[in-house]
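Visitor: The structure follows.
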Amino acid sequence: MSLYSESKQLYFDFVYSEYFNKHSEFKYLLDLINQIDWSVIPEFNNPHVGRTGYSRHSLLKAMFVQKVKGFNTRELIHFLRSNPFFSQAIGFNPIANFVPSESTFSSFKKSFDTSLLDDIIASTVKRGINEGIFDPNNLCIDSYPVSFRSFFNNKKSHGKFKYCNEYYNSPLDADFGVKPVSNSKPVYDKHGNQKQSISYLGYKVHTLSFLNVPVFSVVSPASHHDKNYAFPLLNKAKDLLNLTGFNFLADAAYDSSDLYDFVHLESESTAFIPLRTSSKKPLVGDCGKPLSLHSHYRETKRNILRNKYVCDDPSNCPLNKYNCYAYRNFSKDDFRSFLNRDSSSFKKVYKKRTLIESIFSKLADMTNSTSLRCKNSVEVECNLSNLYLIASAFLAHSMGRDDLLASPKTLMYETAVC
């Protein structure tokens with residue numbers, strides 16, 4: 001390279017560096033990235049064995065930017081190639097065309113161990129707890145749907161195939177589930193009545209959060225029950241964050257005796273969960289007569305305790321049945337029955353759960369649909385969305401704007417003005 005070309009490159013670097021440091025968008029992205037300690041996980045997979053490959057830190061930072069900007073993968077690659085100084089700042093070399101391809105990002109999401117991302121989140125959140133940014137006294141859990149981009153989610157095409165596996169040859173982790181209908185986008189049946197819920201093909205994202213930011217997420221097929229994924233999320237809170245003695249807030253979908261017992265005995269905390277609608281109704285038989293408690297017993301096959309309820313007067317049954325009966329599970333400690341849901345203390349604590357609705361609305365907007373077939377890939381993206389909101393809370397605190405801890409968009413506009 002000649003002296004002239006070297007001096008020209010130096011001048012270009014100087015001018016671009018000045019522009020880069022003053023450009024509010026790039027500064028905002030780097031400020032967010034720098035709030036996170038990426039060194040918690042090894043930078044390379046199997047170092048000193050074969051080709052080094054791309055840095056896992058750089059790939060995660062790039063996908064983090066993708067969630068912040070709302071890009072798809074092709075737009076992300078174009079952004080990295082169009083802004084070489086920024087790409088260099090996160091560990092790539094766009095001058096030599098060393099920017100990952102779309103297939104590289106795809107294979108990385110499929111094979112990446114999500115427990116490593118949990119370690120990054122845990123390290124960052126623990127620092128936030130120590131600095132007083134996050135309040136660990138209240139933990140909330142909920143889920144939101146992620147639709148798979150498919151003609152099965154098109155109302156005009158729905159029903160041509162009974163099972164999605166008849167249409168897709170390659171494996172698909174998504175399946176059919178039910179999601180609530182938004183009041184802003186009502187859906188009506190053929191009789192003109194507004195539907196409360198609709199079926200969809202996709203995933204369900206179960207997220208544990210504080211009152212102002214999400215923490216951990218686990219992804220399941222859409223048909224899986226919410227309650228079953230509360231246990232691994234609570235284990236993460238206990239093992240990675242060392243959290244105990246908190247208030248656990250959840251809606252009626254998590255009303256289950258074994259979850260109450262787990263929260264009280266394993267997490268040493270208190271569950272604040274309302275009763276399901278079916279639990280509030282008295283047990284009645286098919287004929288409408290009330291059922292009374294008959295016996296307690298343990299079902300050895302599933303290792304659960306059950307109550308059996310039978311009809312008091314089967315001889316006068318209008319349906320001429322020998323007996324009507326029903327079963328309900330219960331627990332040995334029965335923490336579920338001890339909770340007084342009509343008390344002022346329960347209502348005062350449970351009222352705080354409304355604060356997380358805006359958080360889950362943001363998460364659903366960031367990942368409302370996907371074309372990813374692998375559950376692990378969706379889980380990586382969802383946890384990066386959590387990490388974005390966590391980093392935004394750190395940045396707001398560092399700017400002295402604690403009122404914007406849960407408002408990343410407003411914070412972005414504030415930094416643009418500055």
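Chain labels A, B, ... are given in the sequence in which chains occur in the structure tokens; within each chain residues are numbered consecutively from 1, and ligands are likewise numbered from 1 in the order shown.
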Produce a table with one row for each residue of stretch 350-391 of chain A that has an atom at most 9 Å from any atom of stretch 235-249 of chain A, each row naming the nearest atom pair and its distance in Å at one decimal; use only C-alpha atoms; arrange rows by chain and rising residue number; format as CSV.
Guide:
```
residue,atom,partner,partner_atom,distance
A:Tyr350,CA,A:Leu249,CA,6.5
A:Lys352,CA,A:Leu249,CA,8.5
A:Arg353,CA,A:Leu249,CA,6.4
```
Visitor: Please, which residues of stretch 74-255 of chain A, numbered as in this document, come out helix (DSSP H, G or I) from DSSP, as a ChimeraX atom specification?
Guide: /A:74-82,84-89,94-96,102-111,114-130,151-153,164-166,226-241,252-254
Visitor: Kindly export the residues of the current selection with C-alpha atoms, as a PDB file, in the first residue's frame.
Guide:
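Listed below is the output, out28.pdb:
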```pdb
ATOM      1  CA  ARG A  74     -31.028  -9.869   6.089  1.00  0.00           C
ATOM      2  CA  GLU A  75     -31.544  -6.310   7.279  1.00  0.00           C
ATOM      3  CA  LEU A  76     -29.080  -6.941  10.106  1.00  0.00           C
ATOM      4  CA  ILE A  77     -26.395  -8.151   7.675  1.00  0.00           C
ATOM      5  CA  HIS A  78     -26.996  -5.111   5.449  1.00  0.00           C
ATOM      6  CA  PHE A  79     -26.731  -2.841   8.503  1.00  0.00           C
ATOM      7  CA  LEU A  80     -23.399  -4.402   9.540  1.00  0.00           C
ATOM      8  CA  ARG A  81     -21.929  -4.112   6.028  1.00  0.00           C
ATOM      9  CA  SER A  82     -23.205  -0.557   5.575  1.00  0.00           C
ATOM     10  CA  PRO A  84     -18.196  -0.909   9.000  1.00  0.00           C
ATOM     11  CA  PHE A  85     -16.990   1.148  11.944  1.00  0.00           C
ATOM     12  CA  PHE A  86     -19.862  -0.103  14.081  1.00  0.00           C
ATOM     13  CA  SER A  87     -19.249  -3.690  12.920  1.00  0.00           C
ATOM     14  CA  GLN A  88     -15.626  -3.360  13.970  1.00  0.00           C
ATOM     15  CA  ALA A  89     -16.724  -2.023  17.353  1.00  0.00           C
ATOM     16  CA  PRO A  94     -16.516  -5.800   7.345  1.00  0.00           C
ATOM     17  CA  ILE A  95     -13.642  -4.317   5.300  1.00  0.00           C
ATOM     18  CA  ALA A  96     -12.456  -7.860   4.562  1.00  0.00           C
ATOM     19  CA  GLU A 102     -27.722 -15.574   7.081  1.00  0.00           C
ATOM     20  CA  SER A 103     -27.013 -19.311   7.404  1.00  0.00           C
ATOM     21  CA  THR A 104     -24.316 -18.620  10.012  1.00  0.00           C
ATOM     22  CA  PHE A 105     -26.759 -16.729  12.214  1.00  0.00           C
ATOM     23  CA  SER A 106     -29.373 -19.455  11.716  1.00  0.00           C
ATOM     24  CA  SER A 107     -27.071 -22.346  12.679  1.00  0.00           C
ATOM     25  CA  PHE A 108     -25.732 -20.359  15.645  1.00  0.00           C
ATOM     26  CA  LYS A 109     -29.244 -19.875  17.061  1.00  0.00           C
ATOM     27  CA  LYS A 110     -30.065 -23.558  16.633  1.00  0.00           C
ATOM     28  CA  SER A 111     -26.937 -24.853  18.365  1.00  0.00           C
ATOM     29  CA  THR A 114     -29.353 -21.055  26.083  1.00  0.00           C
ATOM     30  CA  SER A 115     -28.012 -21.704  29.593  1.00  0.00           C
ATOM     31  CA  LEU A 116     -25.034 -19.503  28.626  1.00  0.00           C
ATOM     32  CA  LEU A 117     -27.450 -16.683  27.845  1.00  0.00           C
ATOM     33  CA  ASP A 118     -29.063 -17.297  31.233  1.00  0.00           C
ATOM     34  CA  ASP A 119     -25.617 -16.795  32.805  1.00  0.00           C
ATOM     35  CA  ILE A 120     -25.243 -13.416  31.064  1.00  0.00           C
ATOM     36  CA  ILE A 121     -28.709 -12.343  32.203  1.00  0.00           C
ATOM     37  CA  ALA A 122     -28.089 -13.555  35.768  1.00  0.00           C
ATOM     38  CA  SER A 123     -24.762 -11.715  36.026  1.00  0.00           C
ATOM     39  CA  THR A 124     -26.329  -8.480  34.752  1.00  0.00           C
ATOM     40  CA  VAL A 125     -29.459  -8.751  36.893  1.00  0.00           C
ATOM     41  CA  LYS A 126     -27.482  -9.464  40.081  1.00  0.00           C
ATOM     42  CA  ARG A 127     -25.483  -6.306  39.458  1.00  0.00           C
ATOM     43  CA  GLY A 128     -28.755  -4.417  39.001  1.00  0.00           C
ATOM     44  CA  ILE A 129     -30.129  -5.790  42.272  1.00  0.00           C
ATOM     45  CA  ASN A 130     -26.982  -4.709  44.128  1.00  0.00           C
ATOM     46  CA  PHE A 151     -50.712 -20.224   5.942  1.00  0.00           C
ATOM     47  CA  PHE A 152     -52.162 -22.147   8.915  1.00  0.00           C
ATOM     48  CA  ASN A 153     -52.450 -18.765  10.659  1.00  0.00           C
ATOM     49  CA  CYS A 164     -49.240 -29.200  10.221  1.00  0.00           C
ATOM     50  CA  ASN A 165     -46.855 -32.186   9.920  1.00  0.00           C
ATOM     51  CA  GLU A 166     -48.807 -33.261   6.843  1.00  0.00           C
ATOM     52  CA  ASP A 226     -48.403 -22.502  31.377  1.00  0.00           C
ATOM     53  CA  LYS A 227     -48.100 -24.023  34.833  1.00  0.00           C
ATOM     54  CA  ASN A 228     -45.545 -26.677  33.827  1.00  0.00           C
ATOM     55  CA  TYR A 229     -42.958 -24.043  32.873  1.00  0.00           C
ATOM     56  CA  ALA A 230     -43.163 -22.119  36.124  1.00  0.00           C
ATOM     57  CA  PHE A 231     -40.986 -24.754  37.837  1.00  0.00           C
ATOM     58  CA  PRO A 232     -37.865 -24.409  35.624  1.00  0.00           C
ATOM     59  CA  LEU A 233     -38.154 -20.602  35.729  1.00  0.00           C
ATOM     60  CA  LEU A 234     -38.370 -20.585  39.533  1.00  0.00           C
ATOM     61  CA  ASN A 235     -35.388 -22.949  39.684  1.00  0.00           C
ATOM     62  CA  LYS A 236     -33.385 -20.477  37.598  1.00  0.00           C
ATOM     63  CA  ALA A 237     -34.331 -17.649  39.961  1.00  0.00           C
ATOM     64  CA  LYS A 238     -33.174 -19.720  42.918  1.00  0.00           C
ATOM     65  CA  ASP A 239     -30.005 -21.236  41.416  1.00  0.00           C
ATOM     66  CA  LEU A 240     -28.713 -18.342  39.288  1.00  0.00           C
ATOM     67  CA  LEU A 241     -29.971 -15.319  41.252  1.00  0.00           C
ATOM     68  CA  ALA A 252     -55.378 -18.066  37.387  1.00  0.00           C
ATOM     69  CA  ALA A 253     -53.712 -20.213  34.703  1.00  0.00           C
ATOM     70  CA  TYR A 254     -51.100 -21.087  37.351  1.00  0.00           C
TER      71      TYR A 254
END
```
Visitor: Please provide as a PyMOL selection string all residues within 12 Å of stretch 172-182 of chain A, with the sequence filter that same-chain residues fewer than 5 positions apart are discarded (counting only C-alpha atoms).
Guide: chain A and resi 110+143-150+152-153+158-159+162-167+187-188+194-205+219-226+361+368-379
Visitor: Excluding A:Ile141 and its own-chain neighbours fewer than 5 positions away, which residues fall within 6 Å of it when counting only C-alpha atoms? Please give them as a count of residues only.
Guide: 3
Visitor: Can you pull out every residue within 12 Å of A:Phe134, counting only C-alpha atoms, but drop anything in the same chain fewer than 4 positions away, and send it as a compact mmCIF listing (two decimals) with C-alpha atoms, in the first residue's frame?
Guide:
```txt
# COMPACT_ATOMS: atom_id res chain seq x y z
CA THR A 124 -26.33 -8.48 34.75
CA VAL A 125 -29.46 -8.75 36.89
CA LYS A 126 -27.48 -9.46 40.08
CA ARG A 127 -25.48 -6.31 39.46
CA GLY A 128 -28.75 -4.42 39.00
CA ILE A 129 -30.13 -5.79 42.27
CA ASN A 130 -26.98 -4.71 44.13
CA ASN A 138 -41.83 -9.39 43.67
CA LEU A 139 -41.54 -11.93 40.85
CA SER A 209 -40.00 -10.92 35.41
CA PHE A 210 -39.61 -8.26 38.03
CA LEU A 211 -42.18 -5.48 38.09
CA ASN A 212 -40.16 -3.37 35.63
CA VAL A 213 -38.06 -5.74 33.49
CA PRO A 214 -38.22 -9.37 32.29
CA VAL A 215 -35.57 -11.81 33.45
CA ILE A 390 -32.52 -5.03 31.11
CA ALA A 391 -29.73 -3.05 29.41
CA ALA A 393 -32.99 -0.06 32.46
CA PHE A 394 -29.27 0.15 33.30
CA HIS A 397 -30.37 4.56 35.68
CA ASP A 402 -35.22 6.03 36.81
CA LEU A 405 -36.49 2.04 33.56
CA ALA A 406 -39.31 0.26 31.71
```
Visitor: Output as a PyMOL selection string all residues of stretch 134-223 of chain A that backbone DSSP marks as strand (DSSP E or B).
Guide: chain A and resi 138-148+175-180+188+194+197-209+214-221
